[in-house]
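Asks: Here you go, one structure.
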Amino acid sequence: VVSIDSVNLSPKATGRLGALLVSPGDRVAAGQVLAQMDTGSLQSELDQAQAQLAQSQADYAKVVAGNRLEDIRQVEAQVAAAQSRSELASTQLARYEALAAQGAISQNELDQYAGEARNAEANLQETQERLAATASGSRVEDIAAAEAAVAAAEAKVAVIQTQLEETVIRAPFDGVVTQTYATTGAIVTPTTTASSTASATSSSILALSSGLEVEIDVSEANIGQVMIDQVVEVMADAFPNQTFIGHVKRIAPEAVIQNNVTTFEVVVELQTGLDDLRSGMTVDAIFVGETIDDALMVPTVAITTENGQLGVQMVDAQGNPAFQSVTVGLTQDGATQIMSGLEVGDRIFLDFPDGKPPASISTPF
């Protein structure tokens with residue numbers, strides 16, 4: 001008897017077993033939490049990554065939204081002030097140019113006022129450009145950079161969340177816990193994750209199995225009598241008074257040769273006994289063939305051999321034994337099928353007269 005599905009469960013990363021929530025023999029459902037690894041500092045790292053994500057999202061929203069109305073109005077006021085200074089400088093320059101023409105001021109003084117007018121004009125252009133940039137919103141490059149920062153923060157959060165999720169050991173399918181290999185506090189270092197080996201290793205926390213089936217080695221001579229869906233009776237020493245029923249699920253397409261004996265593996269799907277039988281039990285199996293109606297049967301002890309032929313001792317007219325050759329079929333439960341040589345109602349000897357058979361007669365079975 002073997003399990004249909006069997007797996008050893010392990011964490012994906014080396015760690016300390018924080019809690020083992022099941023025991024051998026417990027039935028579990030797919031997705032049920034079976035064990036919990038110690039998360040260490042992962043939760044703190046997740047909190048920090050989520051805070052960074054929130055900051056990146058806020059920065060992105062700020063860049064997309066552009067400058068506030070208050071910022072725009074402030075720059076507009078700076079433009080108006082620069083406009084006034086530029087107009088004042090231009091007016092003063094025109095007046096001083098007239099004075100210079102009359103010789104009232106020197107050329108150096110005129111050059112000074114001309115410089116002030118040029119600076120005022122340059123300042124006006126600068127503030128006007130600043131207003132245009134403030135009013136038009138953020139640059140495409142700034143928006144793209146902020147968006148990339150959000151994506152990076154989201155990826156970091158996802159990685160840590162995955163690491164946290166991997167510390168939770170869940171059942172991959174409905175089944176029964178067959179073994180536990182680690183105890184709370186043990187360090188588990190996985191080397192063969194989800195191994196199917198049935199021995200305790202430092203890479204396994206527990207073993208889980210699901211379903212039962214029977215594997216039978218059938219000899220080459222008998223494999224031709226085995227068919228898919230054929231009924232099979234299964235008996236176990238642990239339950240001597242019970243017979244469990246199954247049917248042939250799979251016949252191996254290739255033979256196995258061991259010690260010069262050729263056999264084929266036949267897998268039997270159990271229909272009864274799933275709650276009683278256990279993986280690893282040794283059982284006997286009977287392949288049930290077709291039922292033969294009205295078969296002519298005689299006790300197997302009545303079959304004898306004379307001069308190399310199978311037969312029975314019939315009762316002649318004088319009541320003495322007379323050998324009658326027969327063709328035999330199947331033998332079952334102490335009786336043998338007679339294919340030819342006898343008819344219903346014929347009388348045969350079960351014991352020889354005086355308890356001694358003739359010298360030429362022997363018992364084949």
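Order determines the names: the first chain of the structure tokens is A, the second B, and so forth; residues in each chain are numbered 1 upward, and ligands are numbered 1 upward as they are shown.
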Fewer than 2 positions away in the same chain doesn't count, so skip those; otherwise give me all residues within 12 Å of stretch 228-230 of chain A, counting only C-alpha atoms, as a JSON list (two decimals) with C-alpha atoms, in the first residue's frame.
Replies:
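Contents of selection17.json, as written:
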[["chain", "number", "residue", "atom", "x", "y", "z"],
["A", 223, "ILE", "CA", -0.11, -10.26, -16.87],
["A", 224, "GLY", "CA", -2.22, -11.20, -19.89],
["A", 225, "GLN", "CA", -5.15, -11.97, -17.55],
["A", 226, "VAL", "CA", -5.07, -8.49, -15.97],
["A", 232, "VAL", "CA", -9.36, -6.72, -7.21],
["A", 233, "GLU", "CA", -9.92, -8.09, -3.70],
["A", 245, "ILE", "CA", -12.32, -3.83, -2.98],
["A", 246, "GLY", "CA", -10.44, -1.96, -5.68],
["A", 247, "HIS", "CA", -10.03, -1.97, -9.43],
["A", 248, "VAL", "CA", -7.02, -1.94, -11.76],
["A", 249, "LYS", "CA", -6.02, 1.64, -12.44],
["A", 250, "ARG", "CA", -2.78, 1.26, -14.39],
["A", 251, "ILE", "CA", -0.63, -1.50, -15.89],
["A", 252, "ALA", "CA", 3.04, -0.71, -16.40],
["A", 266, "VAL", "CA", -0.05, -3.11, -11.59],
["A", 267, "VAL", "CA", -1.58, -0.19, -9.66],
["A", 268, "VAL", "CA", -4.93, -0.78, -7.98],
["A", 269, "GLU", "CA", -7.21, 2.09, -7.00],
["A", 270, "LEU", "CA", -8.96, 1.35, -3.72],
["A", 271, "GLN", "CA", -12.70, 1.82, -3.40],
["A", 286, "ILE", "CA", -6.83, -11.44, -5.80],
["A", 287, "PHE", "CA", -7.68, -10.40, -9.35],
["A", 288, "VAL", "CA", -11.29, -11.35, -9.90],
["A", 289, "GLY", "CA", -11.89, -12.79, -13.38],
["A", 290, "GLU", "CA", -15.10, -13.35, -15.28]]
Asks: Show me, as a ChimeraX atom specification, the residues that have an atom within 12 Å of A:Gln258 when counting only C-alpha atoms, minus same-chain residues fewer than 5 positions from it.
Replies: /A:217,219,263-264
Asks: For atom CA of A:Leu310 and atom CA of A:Leu330, determine how far apart the two atoms are, in Å to one decimal place.
Replies: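 Rounded to one decimal, the two atoms are 13.9 Å apart.
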Asks: For the structure I just gave you, how does DSSP split stretch 16-142 of chain A - specifically, which residues are helix (DSSP H, G or I)? Reply as an MDAnalysis selection string.
Replies: chainID A and resid 42:65 69:102 107:136 140:142
Asks: Could you take the residues named above and write them with C-alpha atoms, as a tab-separated table (two decimals), in the first residue's frame?
Replies:
chain	number	residue	atom	x	y	z
A	42	LEU	CA	11.24	41.18	7.72
A	43	GLN	CA	8.22	42.94	9.24
A	44	SER	CA	10.32	46.00	10.12
A	45	GLU	CA	11.78	46.03	6.63
A	46	LEU	CA	8.27	45.86	5.19
A	47	ASP	CA	7.12	48.79	7.33
A	48	GLN	CA	10.10	50.85	6.17
A	49	ALA	CA	9.53	49.94	2.51
A	50	GLN	CA	5.86	50.84	2.75
A	51	ALA	CA	6.78	54.22	4.25
A	52	GLN	CA	9.20	54.84	1.37
A	53	LEU	CA	6.46	53.91	-1.07
A	54	ALA	CA	4.06	56.38	0.53
A	55	GLN	CA	6.71	59.13	0.26
A	56	SER	CA	7.37	58.31	-3.39
A	57	GLN	CA	3.66	58.37	-4.18
A	58	ALA	CA	3.30	61.76	-2.49
A	59	ASP	CA	6.26	63.16	-4.44
A	60	TYR	CA	4.80	61.83	-7.68
A	61	ALA	CA	1.41	63.38	-6.94
A	62	LYS	CA	3.11	66.72	-6.21
A	63	VAL	CA	5.06	66.66	-9.46
A	64	VAL	CA	2.00	65.72	-11.52
A	65	ALA	CA	-0.18	68.38	-9.88
A	69	LEU	CA	-1.92	78.79	-7.20
A	70	GLU	CA	-0.20	80.64	-4.39
A	71	ASP	CA	3.21	79.93	-5.95
A	72	ILE	CA	1.99	81.22	-9.34
A	73	ARG	CA	0.60	84.43	-7.81
A	74	GLN	CA	3.84	85.02	-5.97
A	75	VAL	CA	5.85	84.82	-9.20
A	76	GLU	CA	3.28	87.06	-10.93
A	77	ALA	CA	3.89	89.68	-8.22
A	78	GLN	CA	7.63	89.36	-8.82
A	79	VAL	CA	7.04	89.93	-12.55
A	80	ALA	CA	4.97	93.07	-11.83
A	81	ALA	CA	7.71	94.47	-9.57
A	82	ALA	CA	10.36	93.74	-12.20
A	83	GLN	CA	8.16	95.42	-14.83
A	84	SER	CA	7.95	98.56	-12.67
A	85	ARG	CA	11.70	98.64	-12.09
A	86	SER	CA	12.38	98.19	-15.80
A	87	GLU	CA	9.98	101.01	-16.77
A	88	LEU	CA	11.47	103.33	-14.13
A	89	ALA	CA	15.01	102.57	-15.30
A	90	SER	CA	14.05	103.23	-18.93
A	91	THR	CA	12.45	106.59	-18.01
A	92	GLN	CA	15.49	107.63	-15.97
A	93	LEU	CA	17.84	106.61	-18.79
A	94	ALA	CA	15.94	108.78	-21.31
A	95	ARG	CA	16.11	111.79	-18.98
A	96	TYR	CA	19.83	111.34	-18.30
A	97	GLU	CA	20.56	110.92	-21.98
A	98	ALA	CA	19.00	114.41	-22.53
A	99	LEU	CA	21.10	115.84	-19.69
A	100	ALA	CA	24.24	114.25	-21.12
A	101	ALA	CA	23.50	115.82	-24.50
A	102	GLN	CA	23.38	119.26	-22.78
A	107	GLN	CA	29.50	110.11	-19.90
A	108	ASN	CA	30.43	107.88	-16.96
A	109	GLU	CA	27.20	108.78	-15.13
A	110	LEU	CA	25.21	108.14	-18.29
A	111	ASP	CA	26.86	104.70	-18.69
A	112	GLN	CA	25.91	103.87	-15.07
A	113	TYR	CA	22.23	104.64	-15.68
A	114	ALA	CA	22.30	102.70	-18.94
A	115	GLY	CA	23.66	99.66	-17.06
A	116	GLU	CA	20.91	99.89	-14.47
A	117	ALA	CA	18.30	99.98	-17.27
A	118	ARG	CA	19.80	96.86	-18.88
A	119	ASN	CA	19.85	94.99	-15.53
A	120	ALA	CA	16.22	95.89	-14.89
A	121	GLU	CA	15.25	94.59	-18.32
A	122	ALA	CA	17.17	91.33	-17.79
A	123	ASN	CA	15.53	90.82	-14.40
A	124	LEU	CA	12.13	91.34	-15.98
A	125	GLN	CA	12.80	88.69	-18.62
A	126	GLU	CA	14.03	86.22	-15.97
A	127	THR	CA	10.91	86.61	-13.81
A	128	GLN	CA	8.67	86.31	-16.86
A	129	GLU	CA	10.35	83.02	-17.80
A	130	ARG	CA	9.99	81.80	-14.19
A	131	LEU	CA	6.28	82.62	-14.32
A	132	ALA	CA	5.85	80.69	-17.56
A	133	ALA	CA	7.61	77.64	-16.08
A	134	THR	CA	5.61	77.84	-12.85
A	135	ALA	CA	2.29	78.15	-14.65
A	136	SER	CA	2.97	75.33	-17.16
A	140	VAL	CA	8.05	65.54	-18.48
A	141	GLU	CA	11.44	64.35	-17.24
A	142	ASP	CA	10.54	65.20	-13.62
Asks: May I have the residues within 7 Å of A:Gly18 as a ChimeraX atom specification, using only C-alpha atoms and disregarding those fewer than 2 positions away in the same chain?
Replies: /A:16,36-38,184-185
Asks: Take the selection from the previous step and output its residues with all heavy atoms, as an mmCIF file, in the first residue's frame.
Replies:
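Written file, part.cif:
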data_model
loop_
_atom_site.group_PDB
_atom_site.id
_atom_site.type_symbol
_atom_site.label_atom_id
_atom_site.label_comp_id
_atom_site.auth_asym_id
_atom_site.auth_seq_id
_atom_site.Cartn_x
_atom_site.Cartn_y
_atom_site.Cartn_z
ATOM 1 N N ARG A 16 14.692 29.771 11.198
ATOM 2 C CA ARG A 16 14.304 29.079 12.425
ATOM 3 C C ARG A 16 12.813 28.806 12.395
ATOM 4 O O ARG A 16 12.015 29.669 12.035
ATOM 5 C CB ARG A 16 14.661 29.940 13.638
ATOM 6 C CG ARG A 16 14.430 29.238 14.988
ATOM 7 C CD ARG A 16 14.731 30.198 16.137
ATOM 8 N NE ARG A 16 16.099 30.679 16.046
ATOM 9 C CZ ARG A 16 17.143 30.039 16.544
ATOM 10 N NH1 ARG A 16 16.967 28.879 17.173
ATOM 11 N NH2 ARG A 16 18.357 30.554 16.436
ATOM 12 N N GLN A 36 5.024 27.830 10.732
ATOM 13 C CA GLN A 36 5.382 29.236 10.569
ATOM 14 C C GLN A 36 6.857 29.406 10.893
ATOM 15 O O GLN A 36 7.312 29.067 11.988
ATOM 16 C CB GLN A 36 4.533 30.114 11.489
ATOM 17 C CG GLN A 36 4.940 31.583 11.517
ATOM 18 C CD GLN A 36 4.684 32.278 10.191
ATOM 19 O OE1 GLN A 36 3.542 32.357 9.749
ATOM 20 N NE2 GLN A 36 5.737 32.778 9.573
ATOM 21 N N MET A 37 7.616 29.924 9.922
ATOM 22 C CA MET A 37 9.024 30.210 10.168
ATOM 23 C C MET A 37 9.149 31.553 10.883
ATOM 24 O O MET A 37 8.278 32.417 10.778
ATOM 25 C CB MET A 37 9.796 30.242 8.843
ATOM 26 C CG MET A 37 9.719 28.968 8.029
ATOM 27 S SD MET A 37 10.436 27.544 8.883
ATOM 28 C CE MET A 37 12.166 28.040 8.921
ATOM 29 N N ASP A 38 10.252 31.737 11.602
ATOM 30 C CA ASP A 38 10.527 33.007 12.283
ATOM 31 C C ASP A 38 10.754 34.094 11.234
ATOM 32 O O ASP A 38 11.605 33.939 10.339
ATOM 33 C CB ASP A 38 11.765 32.846 13.163
ATOM 34 C CG ASP A 38 12.004 34.070 14.040
ATOM 35 O OD1 ASP A 38 11.179 35.005 13.984
ATOM 36 O OD2 ASP A 38 13.016 34.099 14.761
ATOM 37 N N THR A 184 9.851 23.138 17.061
ATOM 38 C CA THR A 184 9.899 24.586 17.185
ATOM 39 C C THR A 184 11.268 25.040 17.691
ATOM 40 O O THR A 184 11.785 24.508 18.674
ATOM 41 C CB THR A 184 8.805 25.066 18.154
ATOM 42 O OG1 THR A 184 7.536 24.661 17.643
ATOM 43 C CG2 THR A 184 8.835 26.575 18.293
ATOM 44 N N GLY A 185 11.856 25.994 16.998
ATOM 45 C CA GLY A 185 13.173 26.495 17.354
ATOM 46 C C GLY A 185 14.302 25.900 16.538
ATOM 47 O O GLY A 185 15.423 26.415 16.566
#
Asks: Return the single residue from A:Val315, A:Ala186, A:Met297, A:Ala158 that is closest to A:Ile338, with distances computed using only C-alpha atoms.
Replies: A:Met297
Asks: Atom CA of A:Asp293 and atom CA of A:Met314, how far apart in Å?
Replies: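 Interatomic distance here is 24.6 Å.
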Asks: To one decimal in Å, tell me the separation between atom CA of A:Thr243 and atom CA of A:Gly273.
Replies: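 Separation between atom CA of A:Thr243 and atom CA of A:Gly273: 8.5 Å.
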Asks: Quick one: everything within 8 Å of stretch 171-174 of chain A, counting only C-alpha atoms, minus sequence neighbours fewer than 3 positions away in the same chain. Send it as a list in words.
Replies: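 Using only C-alpha atoms, the neighbours found are Arg27, Val28, Ala29, Ala30, Gly31, Gln32, Val33, Leu34, Leu208 and Ser210 of chain A.
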Asks: Keeping only C-alpha atoms, take the residues you just selected and write them out as an mmCIF file, in the first residue's frame.
Replies:
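Written file, part_16.cif:
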data_model
loop_
_atom_site.group_PDB
_atom_site.id
_atom_site.type_symbol
_atom_site.label_atom_id
_atom_site.label_comp_id
_atom_site.auth_asym_id
_atom_site.auth_seq_id
_atom_site.Cartn_x
_atom_site.Cartn_y
_atom_site.Cartn_z
ATOM 1 C CA ARG A 27 -5.897 15.637 8.259
ATOM 2 C CA VAL A 28 -5.336 18.982 6.565
ATOM 3 C CA ALA A 29 -6.917 20.896 3.683
ATOM 4 C CA ALA A 30 -5.172 22.502 0.731
ATOM 5 C CA GLY A 31 -3.909 25.969 1.698
ATOM 6 C CA GLN A 32 -4.055 25.292 5.450
ATOM 7 C CA VAL A 33 -1.159 26.748 7.455
ATOM 8 C CA LEU A 34 0.973 23.900 8.781
ATOM 9 C CA LEU A 208 2.304 15.123 3.781
ATOM 10 C CA SER A 210 -2.795 12.039 0.119
#
Asks: Please list as a PyMOL selection string every residue within 8 Å of A:Ala182, counting only C-alpha atoms and excluding residues in the same chain fewer than 3 positions away.
Replies: chain A and resi 17+186+188+202+204-206
Asks: Got time to write the residues from that selection, C-alpha atoms, as a CSV table (one decimal), in the first residue's frame?
Replies:
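Generated output (again-v1.csv):
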chain,number,residue,atom,x,y,z
A,17,LEU,CA,11.0,27.2,12.8
A,186,ALA,CA,15.1,24.2,15.0
A,188,VAL,CA,15.9,24.3,8.8
A,202,SER,CA,17.5,19.0,8.0
A,204,SER,CA,12.2,19.0,5.8
A,205,ILE,CA,9.7,20.2,8.3
A,206,LEU,CA,7.0,17.6,7.8
Asks: Out of A:Glu265, A:Lys156, A:Pro299, A:Ser23, which residue has the shortest atom-to-atom distance to A:Gln332 when counting only C-alpha atoms?
Replies: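 Ranked by minimum distance to A:Gln332, first place goes to A:Pro299.
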Asks: Pick the closest to A:Gly308 from A:Pro11, A:Val159, A:Ser325, A:Gln179: which is it, counting only C-alpha atoms?
Replies: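 For A:Gly308, the nearest of the given residues is A:Ser325.
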Asks: Report as number ranges by chain: the residues of stretch 63-252 of chain A with a DSSP assignment of strand (DSSP E), based on the backbone of this structure.
Replies: A: 168-170, 175-180, 187-188, 206-219, 231-236, 239-251
